[in-house]
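Dropping my_file_3.tsv in here (TSV, C-alpha atoms):
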```tsv
chain	number	residue	atom	x	y	z
W	1	MET	CA	21.42	-1.22	6.12
W	2	SER	CA	22.00	-0.96	9.82
W	3	THR	CA	19.46	-2.77	11.92
W	4	THR	CA	19.61	-4.93	14.98
W	5	VAL	CA	17.57	-8.13	14.90
W	6	MET	CA	15.43	-8.61	17.99
W	7	PRO	CA	15.51	-12.11	19.48
W	8	GLU	CA	12.17	-13.68	20.30
W	9	SER	CA	13.07	-14.18	23.94
W	10	PRO	CA	12.06	-11.17	26.03
W	11	ALA	CA	14.75	-12.03	28.55
W	12	VAL	CA	17.52	-11.13	26.13
W	13	ALA	CA	18.47	-7.46	26.07
W	14	VAL	CA	18.70	-5.86	22.65
W	15	ALA	CA	20.17	-2.63	21.40
W	16	PRO	CA	17.81	-0.02	19.95
W	17	ILE	CA	17.02	-0.59	16.31
W	18	ARG	CA	18.48	1.97	13.96
W	19	ARG	CA	16.06	2.77	11.20
W	20	ASP	CA	17.10	2.48	7.59
W	21	PRO	CA	16.26	5.83	5.93
W	22	TYR	CA	16.21	4.16	2.52
W	23	ILE	CA	13.20	2.01	3.43
W	24	ASP	CA	11.39	5.01	4.89
W	25	ASN	CA	12.22	7.07	1.78
W	26	VAL	CA	10.64	4.41	-0.44
W	27	LYS	CA	7.55	4.31	1.75
W	28	GLY	CA	7.40	8.11	1.87
W	29	LEU	CA	7.52	8.35	-1.92
W	30	LEU	CA	4.91	5.63	-2.33
W	31	ILE	CA	2.49	7.16	0.17
W	32	VAL	CA	2.63	10.43	-1.79
W	33	LEU	CA	1.75	8.46	-4.94
W	34	VAL	CA	-1.10	6.73	-3.10
W	35	VAL	CA	-2.66	10.02	-2.03
W	36	LEU	CA	-2.02	11.66	-5.41
W	37	GLY	CA	-3.56	8.69	-7.21
W	38	HIS	CA	-6.69	8.87	-5.09
W	39	MET	CA	-7.06	12.61	-5.62
W	40	LEU	CA	-6.45	12.37	-9.36
W	41	GLY	CA	-8.96	9.56	-9.56
W	42	GLN	CA	-11.69	12.06	-8.70
W	43	THR	CA	-10.71	14.52	-11.43
W	44	VAL	CA	-9.19	12.80	-14.46
W	45	GLY	CA	-12.46	12.27	-16.33
W	46	SER	CA	-11.82	11.66	-20.00
W	47	SER	CA	-8.70	13.80	-20.28
W	48	PRO	CA	-5.95	11.77	-22.01
W	49	ALA	CA	-3.21	13.50	-20.01
W	50	GLY	CA	-4.99	13.01	-16.70
W	51	LYS	CA	-5.77	9.37	-17.44
W	52	THR	CA	-2.15	8.76	-18.45
W	53	ILE	CA	-0.77	10.22	-15.21
W	54	TYR	CA	-3.33	8.28	-13.20
W	55	THR	CA	-2.50	5.03	-15.00
W	56	PHE	CA	1.25	5.63	-14.60
W	57	ILE	CA	0.77	5.90	-10.83
W	58	TYR	CA	-1.47	2.85	-10.60
W	59	LEU	CA	0.81	0.68	-12.70
W	60	CYS	CA	3.50	0.91	-10.05
W	61	HIS	CA	2.55	2.36	-6.67
W	62	MET	CA	0.60	-0.59	-5.24
W	63	PRO	CA	2.81	-3.28	-6.83
W	64	ALA	CA	5.76	-1.48	-5.21
W	65	PHE	CA	4.05	-1.27	-1.82
W	66	VAL	CA	3.05	-4.94	-1.96
W	67	MET	CA	6.52	-6.12	-3.00
W	68	LEU	CA	8.19	-4.01	-0.32
W	69	SER	CA	5.75	-5.51	2.21
W	70	GLY	CA	6.90	-8.96	1.14
W	71	MET	CA	10.56	-8.01	1.50
W	72	LEU	CA	9.92	-6.77	5.04
W	73	SER	CA	7.80	-9.76	6.07
W	74	ALA	CA	9.13	-12.47	8.37
W	75	ALA	CA	9.56	-15.98	7.01
W	76	GLU	CA	8.14	-17.48	10.20
W	77	LEU	CA	5.12	-16.64	12.29
W	78	THR	CA	5.81	-16.37	16.01
W	79	GLY	CA	3.43	-15.36	18.79
W	80	ARG	CA	4.85	-11.85	18.90
W	81	ARG	CA	4.53	-11.41	15.15
W	82	ALA	CA	0.96	-12.74	15.18
W	83	ALA	CA	0.14	-10.20	17.89
W	84	SER	CA	1.64	-7.42	15.77
W	85	LEU	CA	-0.56	-8.43	12.82
W	86	ILE	CA	-3.63	-8.06	15.01
W	87	ARG	CA	-2.42	-4.78	16.51
W	88	ASP	CA	-1.10	-3.13	13.34
W	89	LEU	CA	-3.53	-4.43	10.70
W	90	LEU	CA	-6.76	-5.95	11.96
W	91	VAL	CA	-7.57	-3.46	14.72
W	92	PRO	CA	-6.93	-0.38	12.52
W	93	TYR	CA	-9.13	-1.99	9.86
W	94	VAL	CA	-12.01	-2.40	12.30
W	95	VAL	CA	-11.63	1.13	13.68
W	96	PHE	CA	-11.36	2.92	10.34
W	97	GLN	CA	-13.90	0.82	8.49
W	98	LEU	CA	-16.41	1.91	11.13
W	99	LEU	CA	-15.21	5.52	10.90
W	100	TYR	CA	-15.53	5.55	7.09
W	101	MET	CA	-18.99	3.98	7.28
W	102	SER	CA	-19.96	6.67	9.81
W	103	PHE	CA	-18.49	9.39	7.58
W	104	TYR	CA	-20.56	8.17	4.62
W	105	THR	CA	-23.66	8.19	6.80
W	106	VAL	CA	-23.02	11.70	8.15
W	107	MET	CA	-22.43	12.99	4.61
W	108	ASP	CA	-25.79	11.44	3.60
W	109	LYS	CA	-24.20	8.95	1.21
W	110	PRO	CA	-25.69	5.46	0.75
W	111	MET	CA	-24.28	3.06	3.34
W	112	HIS	CA	-25.77	-0.23	4.51
W	113	TRP	CA	-24.75	-1.13	8.05
W	114	THR	CA	-24.50	-4.86	7.48
W	115	VAL	CA	-21.91	-7.55	8.11
W	116	ASN	CA	-21.31	-7.81	4.37
W	117	GLU	CA	-20.59	-4.08	4.17
W	118	PHE	CA	-18.29	-4.23	7.18
W	119	LEU	CA	-16.27	-7.07	5.63
W	120	SER	CA	-16.00	-5.24	2.29
W	121	PRO	CA	-13.18	-2.69	2.70
W	122	ILE	CA	-14.10	0.86	1.83
W	123	TYR	CA	-11.93	2.40	-0.87
W	124	HIS	CA	-8.21	2.02	-0.05
W	125	LEU	CA	-8.71	0.08	3.19
W	126	TRP	CA	-8.45	-3.22	1.28
W	127	PHE	CA	-4.69	-3.15	1.85
W	128	LEU	CA	-4.97	-3.93	5.58
W	129	PRO	CA	-6.85	-7.27	5.37
W	130	ALA	CA	-4.88	-8.16	2.24
W	131	LEU	CA	-1.57	-7.55	3.98
W	132	PHE	CA	-2.77	-9.54	6.99
W	133	ILE	CA	-3.54	-12.54	4.77
W	134	TRP	CA	-0.30	-12.19	2.80
W	135	ARG	CA	1.81	-12.05	5.95
W	136	MET	CA	-0.02	-15.06	7.37
W	137	LEU	CA	0.91	-16.91	4.16
W	138	ALA	CA	4.52	-15.65	4.07
W	139	PRO	CA	5.98	-18.64	6.00
W	140	LEU	CA	4.24	-21.00	3.59
W	141	PHE	CA	5.60	-19.32	0.47
W	142	ALA	CA	9.04	-18.99	2.06
W	143	GLN	CA	9.21	-22.81	2.17
W	144	LEU	CA	7.69	-23.59	-1.23
W	145	ARG	CA	9.85	-24.41	-4.23
W	146	GLY	CA	8.83	-22.33	-7.20
W	147	ALA	CA	6.76	-20.04	-4.96
W	148	VAL	CA	6.84	-17.11	-7.41
W	149	VAL	CA	5.62	-19.29	-10.28
W	150	ILE	CA	2.84	-20.68	-8.08
W	151	ALA	CA	1.82	-17.15	-7.11
W	152	ILE	CA	1.68	-16.08	-10.77
W	153	VAL	CA	-0.54	-19.08	-11.57
W	154	VAL	CA	-2.82	-18.17	-8.67
W	155	SER	CA	-3.09	-14.57	-9.91
W	156	LEU	CA	-3.81	-15.56	-13.50
W	157	SER	CA	-6.34	-18.16	-12.37
W	158	ALA	CA	-8.05	-15.63	-10.11
W	159	GLY	CA	-8.77	-13.52	-13.17
W	160	ALA	CA	-10.68	-16.44	-14.66
W	161	ALA	CA	-12.72	-16.99	-11.47
W	162	THR	CA	-15.91	-15.23	-10.50
W	163	VAL	CA	-16.21	-16.48	-6.90
W	164	LEU	CA	-13.66	-14.05	-5.46
W	165	GLY	CA	-15.20	-10.80	-4.31
W	166	ARG	CA	-14.60	-7.70	-2.23
W	167	ALA	CA	-14.95	-9.45	1.14
W	168	LEU	CA	-11.62	-9.09	2.97
W	169	ALA	CA	-10.14	-8.02	-0.39
W	170	LEU	CA	-9.76	-11.65	-1.51
W	171	ASP	CA	-9.87	-10.55	-5.15
W	172	ARG	CA	-6.78	-8.37	-4.68
W	173	VAL	CA	-5.11	-10.87	-2.36
W	174	ALA	CA	-5.05	-13.34	-5.24
W	175	GLY	CA	-4.51	-10.80	-8.03
W	176	MET	CA	-1.46	-9.11	-6.49
W	177	LEU	CA	-0.01	-12.20	-4.82
W	178	PRO	CA	3.03	-12.46	-7.19
W	179	PHE	CA	4.37	-9.06	-6.07
W	180	PHE	CA	4.22	-10.06	-2.40
W	181	VAL	CA	5.71	-13.52	-2.92
W	182	LEU	CA	8.53	-12.10	-5.04
W	183	GLY	CA	9.26	-9.71	-2.18
W	184	VAL	CA	9.36	-12.61	0.30
W	185	TRP	CA	11.68	-14.51	-2.02
W	186	LEU	CA	14.01	-11.53	-2.46
W	187	GLY	CA	14.11	-10.83	1.28
W	188	ARG	CA	15.01	-7.75	3.27
W	189	GLY	CA	18.72	-8.14	2.54
W	190	ARG	CA	18.24	-7.08	-1.09
W	191	LEU	CA	17.28	-3.62	0.14
W	192	ALA	CA	20.91	-3.06	1.09
W	193	TYR	CA	21.95	-3.13	-2.59
W	194	ARG	CA	23.48	0.15	-3.71
W	195	PRO	CA	22.98	0.76	-7.44
W	196	SER	CA	25.75	2.09	-9.63
W	197	PRO	CA	25.26	5.24	-11.75
W	198	ARG	CA	24.68	3.03	-14.79
W	199	VAL	CA	21.90	1.16	-12.99
W	200	ARG	CA	20.30	4.46	-11.96
W	201	LEU	CA	20.37	5.67	-15.57
W	202	THR	CA	18.69	2.42	-16.60
W	203	ALA	CA	16.02	2.99	-13.95
W	204	ILE	CA	15.36	6.49	-15.31
W	205	ALA	CA	15.03	5.00	-18.80
W	206	VAL	CA	12.53	2.43	-17.49
W	207	LEU	CA	10.31	5.10	-15.94
W	208	THR	CA	10.61	7.22	-19.07
W	209	ALA	CA	9.52	4.28	-21.23
W	210	ALA	CA	6.63	3.67	-18.82
W	211	ALA	CA	5.05	7.00	-19.81
W	212	PRO	CA	4.00	5.98	-23.36
W	213	ILE	CA	3.08	2.53	-22.04
W	214	SER	CA	0.77	4.23	-19.54
W	215	TYR	CA	-0.81	6.21	-22.37
W	216	LEU	CA	-1.45	3.02	-24.35
W	217	VAL	CA	-2.91	1.23	-21.33
W	218	ALA	CA	-5.11	4.23	-20.48
W	219	SER	CA	-6.36	4.62	-24.05
W	220	ARG	CA	-6.91	0.96	-24.95
W	221	LEU	CA	-7.84	-0.81	-21.73
W	222	SER	CA	-10.42	-0.26	-19.06
W	223	GLY	CA	-9.06	1.57	-16.04
W	224	LEU	CA	-10.32	-1.33	-13.91
W	225	TRP	CA	-7.37	-3.47	-15.02
W	226	VAL	CA	-4.93	-1.63	-12.76
W	227	TYR	CA	-6.97	-2.45	-9.64
W	228	TRP	CA	-6.20	-6.20	-9.86
W	229	ASN	CA	-9.65	-7.09	-8.54
W	230	ARG	CA	-11.79	-7.89	-11.58
W	231	ALA	CA	-12.41	-11.14	-13.43
W	232	TYR	CA	-11.56	-11.23	-17.13
W	233	GLN	CA	-15.25	-11.73	-17.89
W	234	GLN	CA	-16.12	-8.50	-16.06
W	235	LEU	CA	-13.45	-6.69	-18.09
W	236	GLY	CA	-14.95	-7.87	-21.36
W	237	VAL	CA	-12.18	-10.22	-22.54
W	238	GLY	CA	-11.68	-13.96	-22.81
W	239	VAL	CA	-9.40	-16.01	-20.60
W	240	THR	CA	-6.48	-16.15	-23.05
W	241	GLU	CA	-6.51	-12.42	-23.73
W	242	GLY	CA	-7.00	-11.69	-20.03
W	243	VAL	CA	-4.04	-13.84	-19.02
W	244	LEU	CA	-1.79	-12.09	-21.55
W	245	ILE	CA	-2.89	-8.63	-20.44
W	246	ARG	CA	-2.42	-9.44	-16.74
W	247	LEU	CA	1.04	-10.90	-17.44
W	248	GLY	CA	1.96	-7.72	-19.31
W	249	LEU	CA	0.75	-5.53	-16.44
W	250	MET	CA	2.79	-7.66	-14.01
W	251	ALA	CA	5.92	-7.13	-16.09
W	252	VAL	CA	5.38	-3.38	-16.30
W	253	GLY	CA	4.61	-3.13	-12.59
W	254	LEU	CA	7.74	-5.08	-11.64
W	255	ALA	CA	9.95	-3.02	-13.95
W	256	MET	CA	8.62	0.26	-12.55
W	257	THR	CA	8.91	-1.02	-8.97
W	258	TRP	CA	12.54	-1.92	-9.60
W	259	ALA	CA	13.20	1.53	-11.05
W	260	ILE	CA	11.61	3.31	-8.09
W	261	MET	CA	13.68	1.30	-5.63
W	262	MET	CA	16.87	2.00	-7.56
W	263	LEU	CA	16.21	5.75	-7.59
W	264	ALA	CA	15.00	6.25	-4.02
W	265	PRO	CA	17.53	8.23	-1.94
W	266	ARG	CA	19.61	6.38	0.66
W	267	ARG	CA	20.17	9.26	3.07
W	268	GLN	CA	17.81	11.15	5.35
W	269	THR	CA	15.42	13.34	3.32
W	270	PHE	CA	12.03	14.97	3.79
W	271	LEU	CA	10.55	11.66	2.62
W	272	THR	CA	12.03	9.79	5.58
W	273	GLY	CA	9.62	11.14	8.18
W	274	TRP	CA	6.67	10.63	5.88
W	275	GLY	CA	7.65	6.99	5.43
W	276	THR	CA	8.22	6.49	9.15
W	277	ASN	CA	4.65	7.59	9.91
W	278	SER	CA	3.09	6.38	6.64
W	279	MET	CA	0.16	4.75	8.46
W	280	TYR	CA	-1.21	8.18	9.37
W	281	PRO	CA	-1.50	9.72	5.89
W	282	TYR	CA	-2.63	6.32	4.61
W	283	LEU	CA	-5.58	6.13	7.00
W	284	LEU	CA	-6.44	9.82	7.27
W	285	HIS	CA	-6.20	11.16	3.72
W	286	VAL	CA	-9.35	9.48	2.46
W	287	PHE	CA	-11.56	11.73	4.57
W	288	VAL	CA	-10.14	14.64	2.56
W	289	VAL	CA	-10.40	12.72	-0.72
W	290	MET	CA	-14.06	11.91	-0.09
W	291	ALA	CA	-14.89	15.48	0.89
W	292	PHE	CA	-13.08	16.73	-2.23
W	293	ALA	CA	-14.94	14.26	-4.45
W	294	TRP	CA	-18.31	15.39	-3.06
W	295	SER	CA	-17.53	19.12	-3.38
W	296	PRO	CA	-17.80	21.52	-6.37
W	297	LEU	CA	-14.00	21.85	-6.37
W	298	VAL	CA	-13.64	18.50	-8.09
W	299	ASN	CA	-14.86	20.01	-11.37
W	300	ARG	CA	-12.31	22.84	-11.32
W	301	VAL	CA	-9.20	20.72	-11.82
W	302	ASP	CA	-9.37	21.01	-15.60
W	303	ASN	CA	-6.07	22.67	-16.55
W	304	ILE	CA	-2.36	22.46	-15.82
W	305	PRO	CA	-2.23	25.23	-13.14
W	306	ALA	CA	-5.12	23.60	-11.27
W	307	LEU	CA	-3.36	20.23	-11.50
W	308	LEU	CA	-0.18	21.73	-10.04
W	309	VAL	CA	-2.19	23.21	-7.19
W	310	LEU	CA	-3.73	19.79	-6.56
W	311	ILE	CA	-0.28	18.15	-6.46
W	312	ALA	CA	0.95	20.81	-4.01
W	313	ALA	CA	-2.14	20.20	-1.87
W	314	VAL	CA	-1.40	16.46	-1.85
W	315	VAL	CA	2.17	17.04	-0.68
W	316	ALA	CA	0.90	19.38	2.03
W	317	LEU	CA	-1.68	16.82	3.11
W	318	VAL	CA	0.93	14.07	3.45
W	319	TRP	CA	3.26	16.43	5.32
W	320	LEU	CA	0.47	17.43	7.71
W	321	THR	CA	-0.90	13.96	8.41
W	322	ALA	CA	2.61	12.54	8.97
W	323	SER	CA	3.70	15.42	11.22
W	324	ARG	CA	4.59	14.86	14.87
W	325	PRO	CA	1.63	16.80	16.33
W	326	VAL	CA	-0.89	14.80	14.28
W	327	VAL	CA	0.85	11.51	15.10
W	328	TRP	CA	0.87	12.38	18.79
W	329	ALA	CA	-2.78	13.47	18.84
W	330	LEU	CA	-4.19	10.59	16.79
W	331	ARG	CA	-2.00	7.72	17.96
W	332	PRO	CA	-4.81	6.35	20.21
W	333	LEU	CA	-7.02	6.17	17.12
W	334	VAL	CA	-4.50	4.87	14.58
W	335	SER	CA	-2.73	2.57	17.07
W	336	PRO	CA	-5.35	1.91	19.75
W	337	PRO	CA	-4.26	0.05	22.89
W	338	VAL	CA	-5.06	-3.64	22.41
W	339	ARG	CA	-3.08	-5.35	25.14
W	340	TRP	CA	-6.38	-6.32	26.75
W	341	LEU	CA	-7.19	-8.28	23.57
W	342	LEU	CA	-3.95	-10.25	23.44
W	343	ARG	CA	-2.57	-12.86	25.78
W	344	ASP	CA	1.04	-13.67	26.59
W	345	VAL	CA	2.27	-10.53	24.85
W	346	VAL	CA	5.41	-8.96	26.28
W	347	PRO	CA	4.90	-5.22	26.90
W	348	ALA	CA	6.78	-3.34	24.19
W	349	THR	CA	9.76	-1.22	25.15
W	350	ASN	CA	10.12	2.24	23.70
W	351	HIS	CA	12.45	1.17	20.92
W	352	GLN	CA	10.24	-1.81	20.05
W	353	SER	CA	7.19	0.44	19.79
W	354	THR	CA	9.08	2.79	17.51
W	355	ALA	CA	10.16	-0.10	15.32
W	356	GLY	CA	6.59	-1.38	15.08
W	357	ARG	CA	5.24	1.99	14.06
W	358	GLY	CA	7.85	2.23	11.33
W	359	ARG	CA	6.78	-0.90	9.53
W	360	LEU	CA	5.21	-0.66	6.13
W	361	ARG	CA	1.55	0.14	6.27
```

Could you spell out this file's structure in structure tokens?
Amino acid sequence: MSTTVMPESPAVAVAPIRRDPYIDNVKGLLIVLVVLGHMLGQTVGSSPAGKTIYTFIYLCHMPAFVMLSGMLSAAELTGRRAASLIRDLLVPYVVFQLLYMSFYTVMDKPMHWTVNEFLSPIYHLWFLPALFIWRMLAPLFAQLRGAVVIAIVVSLSAGAATVLGRALALDRVAGMLPFFVLGVWLGRGRLAYRPSPRVRLTAIAVLTAAAPISYLVASRLSGLWVYWNRAYQQLGVGVTEGVLIRLGLMAVGLAMTWAIMMLAPRRQTFLTGWGTNSMYPYLLHVFVVMAFAWSPLVNRVDNIPALLVLIAAVVALVWLTASRPVVWALRPLVSPPVRWLLRDVVPATNHQSTAGRGRLR
């Protein structure tokens, strides 16, 4: 991996950061899975095949995103990094939460314009406040002995609690904490590992084995398990059974995440640009997903050809929303200027702005 570390002092000149295409390829692949998962979620119904594909995606795509976020997170919180959390996570949350609430209202869907509703992320937007909280906690977990074990205990305990709710995605913050903390513990340097052919074959075997596991999970468990935001009581099981199921899902999610990272290409590919601008498809695709879910088309995805058309449409949607024209036109919306909100922030140079936009979203 070829990157140049930026010193915290603005007086020190730095060379432009060279992006690592591998990281962007992983993010590009995962953002396709995110969009595909959301689209499939509107159509799967009771179809065993559809539910299996949907479960396969949900067993791995968010655990992988969360763990990669941990690997790319700093182990200390400086003023500049705190400012970037506000700029890259909190402000987009405020902007798009209001836009989604407005979209619901315009489409004549029930929406209560209250503080509680504003603090409860709509649909996929939970990831922004969750990532903000995780990255605020990253320095703490970087210093703790046994941090991964502590995070697992927190996640398992959260399943037994009923006080955590949707506000600021605290339920998912606790539920998915082990993936983030493991990423922090592994660190960015592990992304430079180049797997051997034997390791890649093992990764293919892991993903192949995940297919029947996904079928079993989809057929025997509630689909709510893969969202990591429900208490065991809400899922209809006792604490002991709930702990064992959540541990099993953690193991499957970690194994599939490892396999994805081992198989992601290391060179420049079509995925690289999608990963570089992953914030744009992430924030924009849900307008299309909502419109699709509220349209008659949602009932027509009931056979293999229609499913293939849906997958092609998802790829086209990611390509479009990550394209240069869309990024250029919507940058003021996705990355609004917030220098007026921050104090003592050094104006970003061109290469620093590019690096910031390329972070995991």

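If all atoms listed in the file are the atoms counted, then among W:Leu201, W:Leu320, W:Val301, W:Leu170 the closest residue to Pro129 (chain W) is W:Leu170.
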
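Minimum atom-to-atom distances from W:Leu36, W:Ile133, W:Ile245, W:Ala160 to Val309 (chain W) were compared using all atoms listed in the file, and the lowest value belongs to W:Leu36.
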
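Note that the spacing between CA of Tyr215 (chain W) and CA of Glu241 (chain W) amounts to 19.5 Å.
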
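Selection around (9.1, -0.4, -13.5) with radius 10 Å, counting all atoms listed in the file, yields the residues Phe56, Leu59, Cys60, His61, Pro63, Ala64, Ala203, Ile204, Ala205, Val206, Leu207, Thr208, Ala209, Ala210, Met250, Ala251, Val252, Gly253, Leu254, Ala255, Met256, Thr257, Trp258, Ala259, Ile260 and Met261 of chain W.
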
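With distances restricted to all atoms listed in the file, W:Leu271 is the closest residue to Trp319 (chain W) from W:Ala74, W:Val106, W:Leu271, W:Ala167.
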
Expected axis-aligned box over every listed atom of region 31-40 of chain W, 4 Å added per side, centre plus edges in Å to one decimal, as JSON:
```
{"center_x": -2.2, "center_y": 9.7, "center_z": -4.6, "size_x": 17.7, "size_y": 13.9, "size_z": 17.5}
```

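Using only C-alpha atoms for every distance, the candidate list W:Ser155, W:Ser196, W:Ser323, W:Gln268 yields W:Gln268 as the residue closest to Pro21 (chain W).
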
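Closest approach to Trp228 (chain W) among W:Ala174, W:Leu191, W:Ala264, W:Leu30 is made by W:Ala174 (distances from only C-alpha atoms).
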
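Taking CA of Ile122 (chain W) and CA of Ala82 (chain W) as the two end points, the separation is 24.3 Å.
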
Would you work out the distance separating CA of Tyr193 (chain W) from CA of Ile23 (chain W), expressed in Å to one decimal? 11.8 Å

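The smallest atom-to-atom distance between Arg266 (chain W) and any of W:Val314, W:Ala192, W:Ser278, W:Tyr93, using all atoms listed in the file, is found for W:Ala192.
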
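Those residues positioned at most 12 Å from (12.4, 13.7, 7.5) are Pro21, Tyr22, Asp24, Asn25, Gly28, Leu29, Arg267, Gln268, Thr269, Phe270, Leu271, Thr272, Gly273, Trp274, Gly275, Thr276, Asn277, Ser278, Trp319, Ala322, Ser323 and Arg324 of chain W, judged using all atoms listed in the file.
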
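Excluding Leu341 (chain W) and any residue on its chain fewer than 4 positions from it, the residues at most 10 Å away by all atoms listed in the file are W:Ala83, W:Ile86, W:Arg87, W:Pro337, W:Val345.
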
I'd like the contact shell of Trp294 (chain W) - 10 Å cut-off, all atoms listed in the file, skipping same-chain residues fewer than 3 positions apart - returned as a PyMOL selection string. chain W and resi 42+107+109+288-291+297-298

Selection: 10 Å around Trp225 (chain W), all atoms listed in the file, excl. self and same-chain fewer than 6 positions, as a PyMOL selection string: chain W and resi 55+58-59+217-218+231-232+235+242+245-246+249

Within 12 Å of Ala306 (chain W), counting all atoms listed in the file, which residues show up once you throw out same-chain ones fewer than 5 positions away? Write them as a ChimeraX atom specification, please. /W:40,43-44,50,297-301,311-313
